[in-house]
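Participant: For reference, the file my_file.csv (CSV, C-alpha atoms and all ligand atoms) is included below:
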```csv
chain,number,residue,atom,x,y,z
A,1,VAL,CA,19.1,8.4,12.7
A,2,GLU,CA,16.6,8.7,9.8
A,3,ARG,CA,14.9,6.0,7.8
A,4,SER,CA,13.7,6.1,4.2
A,5,PHE,CA,11.6,3.9,2.1
A,6,VAL,CA,13.4,2.8,-1.1
A,7,MET,CA,12.1,0.7,-3.9
A,8,VAL,CA,13.9,-0.8,-6.9
A,9,LYS,CA,11.2,-0.5,-9.5
A,10,PRO,CA,10.2,-3.2,-12.0
A,11,ASP,CA,12.7,-1.8,-14.6
A,12,GLY,CA,15.5,-2.2,-12.1
A,13,VAL,CA,14.5,-5.8,-11.4
A,14,GLN,CA,14.1,-6.7,-15.1
A,15,ARG,CA,17.4,-5.1,-16.0
A,16,GLY,CA,19.2,-7.1,-13.2
A,17,LEU,CA,20.2,-3.9,-11.3
A,18,VAL,CA,18.9,-4.8,-7.8
A,19,GLY,CA,22.4,-5.8,-6.6
A,20,GLU,CA,24.0,-2.7,-8.2
A,21,ILE,CA,21.5,-0.4,-6.5
A,22,ILE,CA,21.7,-2.1,-3.1
A,23,SER,CA,25.5,-2.1,-3.5
A,24,ARG,CA,25.6,1.7,-4.1
A,25,LEU,CA,23.5,2.4,-1.0
A,26,GLU,CA,25.7,0.0,1.1
A,27,ARG,CA,28.8,1.6,-0.2
A,28,ARG,CA,27.5,5.1,0.7
A,29,GLY,CA,27.4,3.8,4.3
A,30,LEU,CA,23.6,3.4,4.7
A,31,LYS,CA,22.2,0.5,6.6
A,32,LEU,CA,19.6,-1.9,5.2
A,33,VAL,CA,17.0,-2.6,7.9
A,34,ALA,CA,14.1,-4.2,6.0
A,35,ALA,CA,13.6,-5.7,2.5
A,36,ARG,CA,10.8,-7.5,0.7
A,37,PHE,CA,10.9,-8.7,-2.9
A,38,MET,CA,7.3,-8.6,-4.0
A,39,ALA,CA,4.6,-8.1,-6.6
A,40,VAL,CA,2.7,-4.9,-6.1
A,41,SER,CA,-1.1,-4.8,-6.2
A,42,ARG,CA,-2.9,-2.0,-7.9
A,43,GLU,CA,-4.4,-0.9,-4.5
A,44,LEU,CA,-0.9,-0.6,-3.0
A,45,ALA,CA,0.5,1.2,-6.0
A,46,GLU,CA,-2.3,3.7,-6.0
A,47,LYS,CA,-1.9,4.4,-2.3
A,48,HIS,CA,1.9,4.8,-2.7
A,49,TYR,CA,1.4,7.3,-5.6
A,50,GLU,CA,-1.8,8.9,-4.2
A,51,VAL,CA,-0.3,12.4,-4.6
A,52,HIS,CA,0.1,11.9,-8.3
A,53,ARG,CA,-3.6,10.9,-8.9
A,54,GLY,CA,-5.1,13.0,-11.7
A,55,LYS,CA,-1.7,13.8,-13.3
A,56,PRO,CA,-1.3,12.7,-17.0
A,57,PHE,CA,1.3,10.1,-16.2
A,58,PHE,CA,-0.6,8.6,-13.2
A,59,GLU,CA,-2.2,5.7,-15.1
A,60,GLY,CA,1.1,4.8,-16.9
A,61,LEU,CA,2.9,5.0,-13.6
A,62,ILE,CA,0.5,2.6,-11.9
A,63,ARG,CA,0.6,0.2,-14.8
A,64,PHE,CA,4.4,0.3,-14.7
A,65,ILE,CA,4.8,-0.2,-11.0
A,66,THR,CA,2.4,-3.2,-11.0
A,67,SER,CA,4.0,-4.7,-14.2
A,68,GLY,CA,6.6,-6.9,-12.4
A,69,PRO,CA,8.2,-7.5,-9.0
A,70,VAL,CA,9.9,-4.8,-7.0
A,71,MET,CA,12.5,-4.8,-4.2
A,72,ALA,CA,10.9,-2.8,-1.4
A,73,MET,CA,13.4,-1.7,1.3
A,74,VAL,CA,13.9,0.5,4.4
A,75,TRP,CA,17.4,2.1,4.7
A,76,GLU,CA,18.7,3.9,7.7
A,77,GLY,CA,21.4,6.4,8.4
A,78,PRO,CA,22.1,10.0,9.3
A,79,ASN,CA,20.1,12.2,6.9
A,80,ALA,CA,19.2,9.0,5.1
A,81,ILE,CA,16.4,10.7,3.1
A,82,GLU,CA,18.5,13.4,1.6
A,83,VAL,CA,21.5,11.1,1.2
A,84,ILE,CA,19.4,8.6,-0.8
A,85,ARG,CA,17.8,11.3,-3.0
A,86,SER,CA,21.3,12.6,-3.9
A,87,THR,CA,22.5,9.0,-4.6
A,88,MET,CA,19.5,8.4,-6.8
A,89,GLY,CA,19.8,11.6,-8.8
A,90,THR,CA,17.0,13.8,-10.2
A,91,THR,CA,13.6,12.4,-11.1
A,92,ASN,CA,14.4,12.8,-14.8
A,93,PRO,CA,17.5,10.8,-15.6
A,94,VAL,CA,18.2,13.2,-18.4
A,95,GLN,CA,19.3,15.8,-15.8
A,96,ALA,CA,20.7,13.4,-13.3
A,97,GLY,CA,24.4,13.9,-12.6
A,98,PRO,CA,27.0,11.3,-13.4
A,99,GLY,CA,27.8,9.2,-10.4
A,100,THR,CA,24.1,9.0,-9.4
A,101,ILE,CA,22.0,5.8,-10.0
A,102,ARG,CA,19.7,7.5,-12.5
A,103,GLY,CA,22.5,9.5,-14.1
A,104,ASP,CA,24.6,6.4,-14.7
A,105,LEU,CA,22.0,3.8,-15.4
A,106,ALA,CA,18.8,5.4,-16.8
A,107,VAL,CA,17.6,7.8,-19.6
A,108,ASP,CA,13.8,8.0,-19.3
A,109,ILE,CA,11.7,9.6,-16.5
A,110,GLY,CA,9.1,6.8,-16.9
A,111,ARG,CA,11.9,4.2,-16.3
A,112,ASN,CA,14.0,5.8,-13.6
A,113,LEU,CA,14.8,2.5,-11.7
A,114,VAL,CA,14.4,3.5,-8.1
A,115,HIS,CA,12.1,5.3,-5.7
A,116,GLY,CA,13.2,7.0,-2.5
A,117,SER,CA,11.0,9.0,0.0
A,118,ASP,CA,11.1,12.7,-0.5
A,119,GLY,CA,10.8,13.9,3.1
A,120,PRO,CA,10.4,12.8,6.7
A,121,ASP,CA,6.6,12.8,6.6
A,122,THR,CA,6.5,10.8,3.3
A,123,ALA,CA,9.1,8.4,4.6
A,124,GLU,CA,7.1,7.6,7.7
A,125,LYS,CA,3.9,7.1,5.7
A,126,GLU,CA,5.6,5.0,3.0
A,127,ILE,CA,7.4,2.7,5.6
A,128,ALA,CA,4.1,2.1,7.4
A,129,LEU,CA,2.4,1.4,4.0
A,130,TRP,CA,4.9,-1.2,2.8
A,131,PHE,CA,6.2,-2.8,6.1
A,132,ARG,CA,4.9,-3.9,9.4
A,133,PRO,CA,6.9,-2.5,12.4
A,134,GLU,CA,8.2,-6.0,13.2
A,135,ASP,CA,9.7,-6.3,9.7
A,136,ILE,CA,12.3,-3.7,10.6
A,137,VAL,CA,15.5,-5.1,12.0
A,138,GLU,CA,17.6,-3.1,14.4
A,139,TYR,CA,21.2,-4.1,14.6
A,140,GLY,CA,24.7,-2.7,15.0
A,141,ARG,CA,27.5,-3.1,12.5
A,142,ALA,CA,31.2,-3.2,13.5
A,143,ALA,CA,31.9,-0.6,10.8
A,144,ASP,CA,29.4,1.9,12.1
A,145,PRO,CA,31.9,4.1,13.9
A,146,TRP,CA,34.0,4.1,10.7
A,147,VAL,CA,31.0,5.5,8.8
A,148,VAL,CA,29.5,7.9,11.4
A,149,GLU,CA,31.5,9.9,13.9
A,150,ARG,CA,28.8,9.5,16.6
A,151,PRO,CA,26.7,6.5,15.7
B,1,LIG,P1,9.7,8.6,-7.0
B,1,LIG,O1,10.9,8.3,-6.1
B,1,LIG,O2,9.4,7.4,-7.9
B,1,LIG,O3,8.6,9.1,-6.2
B,1,LIG,O4,10.3,9.7,-7.9
B,1,LIG,P2,10.5,11.2,-7.6
B,1,LIG,O5,10.1,11.5,-6.2
B,1,LIG,O6,11.9,11.5,-8.0
B,1,LIG,O7,9.4,11.8,-8.6
B,1,LIG,P3,7.9,12.1,-8.3
B,1,LIG,O8,7.5,11.7,-7.0
B,1,LIG,O9,7.7,13.6,-8.7
B,1,LIG,O10,7.2,11.2,-9.4
B,1,LIG,C1,7.0,9.9,-9.1
B,1,LIG,C2,7.3,9.1,-10.4
B,1,LIG,O11,6.4,9.3,-11.4
B,1,LIG,C3,8.7,9.4,-11.0
B,1,LIG,O12,9.7,8.6,-10.4
B,1,LIG,C4,8.5,9.0,-12.4
B,1,LIG,O13,8.7,7.6,-12.6
B,1,LIG,C5,7.0,9.3,-12.6
B,1,LIG,N1,6.9,10.6,-13.2
B,1,LIG,C6,7.0,11.8,-12.6
B,1,LIG,N2,6.8,12.8,-13.5
B,1,LIG,C7,6.6,12.2,-14.7
B,1,LIG,C8,6.4,12.7,-16.0
B,1,LIG,O14,6.3,13.9,-16.2
B,1,LIG,N3,6.2,11.8,-17.0
B,1,LIG,C9,6.3,10.4,-16.7
B,1,LIG,N4,6.1,9.6,-17.7
B,1,LIG,N5,6.5,10.0,-15.5
B,1,LIG,C10,6.7,10.8,-14.5
B,2,MG,MG,8.3,11.0,-5.2
```
Transcribe the structure of this file into structure tokens.
Ligand code: GTP
Ligand code: MG
Facilitator:
Amino acid sequence: VERSFVMVKPDGVQRGLVGEIISRLERRGLKLVAARFMAVSRELAEKHYEVHRGKPFFEGLIRFITSGPVMAMVWEGPNAIEVIRSTMGTTNPVQAGPGTIRGDLAVDIGRNLVHGSDGPDTAEKEIALWFRPEDIVEYGRAADPWVVERP
């Protein structure tokens, strides 16, 4: 199975959409294995968005991500990274399809509600940045065989 780092950004928290977003990932069949509701320091935000340093939206992005609490999480499942990206919809909510989190709930690229790792290497890096290994909980669910043919 694969793991992905997911964060409900400050806009999602402020708009009361934490439950909605968690609920959509749960209903997709993914498994929550770590969660932390937290304020984000400038240092952590800059590390998380390091690849965007120097881009015109970088400063605004850092100010936004540190502007209020976020719900940081690790989700697990077969192909979790791709499954989560498709559940979130495209980066710009204007193009995000209906039925996706961004397509249903957002309109602005600078307020797109949620982050999900964009590949296996980034997922590994982000999980290590936001969580300690012991924060990740391994457990079985009775419904697992009803979600995955070979859990
Ligand atoms: P994340 O899951 O947040 O990483 O989004 P993403 O992977 O879909 O997009 P990307 O990593 O390319 O960009 C990171 C974040 O920066 C996006 O989610 C946006 O919030 C913001 N962002 C990216 N491009 C733009 C832009 O052109 N303008 C603005 N204002 N924000 C942008
Ligand atoms: Mg990204």
Participant: Write out as a ChimeraX atom specification each polymer residue (protein, DNA or RNA) that has an atom no more than 12 Å from ligand MG 2 (chain B), with only C-alpha atoms and all ligand atoms counted.
Facilitator: /A:4-7,48-52,61,81,85,88,90-92,109,112,114-119,122-123,126
Participant: Would you compute the distance between atom CA of A:Val70 and atom CA of A:Pro10? Give it in Å to one decimal.
Facilitator: 5.3 Å
Participant: Excluding A:Met71 and any residue of its chain fewer than 5 positions from it, enumerate the residues within 8 Å of it, using only C-alpha atoms, and give them as an MDAnalysis selection string.
Facilitator: chainID A and resid 7:9 13 18 35:38
Participant: Could you check the closest approach to A:Gly140 for each of A:Gly77, A:Pro69, A:Gly54, A:Gly12 and tell me which residue wins, using all atoms listed in the file?
Facilitator: A:Gly77
Participant: Looking at A:Tyr139, A:Phe131, A:Trp75, A:Phe57, which one is nearest to ligand LIG 1 (chain B), with distances taken over all atoms listed in the file?
Facilitator: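 Distance minimum relative to ligand LIG 1 (chain B) lands on A:Phe57.
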Participant: Using all atoms listed in the file, find the one residue out of A:Glu149, A:Asp108, A:Glu2, A:Asp11 that sits nearest to A:Asn79.
Facilitator: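 Among the listed residues, the smallest separation from A:Asn79 belongs to A:Glu2.
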Participant: With 10 Å as the threshold, what does the neighbourhood of (32.9, 7.5, -5.9) contain in terms of residues, counting only C-alpha atoms? Coordinates are those of the file; answer as a compact mmCIF listing (two decimals) with C-alpha atoms, keeping the file's coordinate frame.
Facilitator:
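Once written, selection_34.txt looks like this:
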```
# COMPACT_ATOMS: atom_id res chain seq x y z
CA ARG A 24 25.60 1.70 -4.10
CA ARG A 27 28.80 1.60 -0.20
CA ARG A 28 27.50 5.10 0.70
CA GLY A 99 27.80 9.20 -10.40
CA THR A 100 24.10 9.00 -9.40
```
Participant: Which one of A:Ala72, A:Leu44, A:Leu105, A:Ile62 sits closest to ligand LIG 1 (chain B) if you count all atoms listed in the file?
Facilitator: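 Smallest separation from ligand LIG 1 (chain B) among the options: A:Ile62.
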Participant: What is the distance between atom CA of A:Arg42 and atom CA of A:Ile84, in Å to one decimal?
Facilitator: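 Taking atom CA of A:Arg42 as the start and atom CA of A:Ile84 as the end point, the length is 25.7 Å.
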Participant: Select, from A:Val74, A:Val83, A:Ala143, A:Ile65, the residue with the minimum atom-to-atom distance to ligand LIG 1 (chain B), counting only C-alpha atoms and all ligand atoms.
Facilitator: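 Selected residue with least distance to ligand LIG 1 (chain B): A:Ile65.
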Participant: What does the distance from atom CA of A:Ser86 to atom CA of A:Pro56 come to in Å, to one decimal?
Facilitator: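 Answer for the atom CA of A:Ser86 to atom CA of A:Pro56 separation: 26.1 Å.
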Participant: May I ask which of the residues A:Phe58, A:Lys31, A:Pro133, A:Gly103 is the closest one to ligand LIG 1 (chain B), counting only C-alpha atoms and all ligand atoms?
Facilitator: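 Ranked by minimum distance to ligand LIG 1 (chain B), first place goes to A:Phe58.
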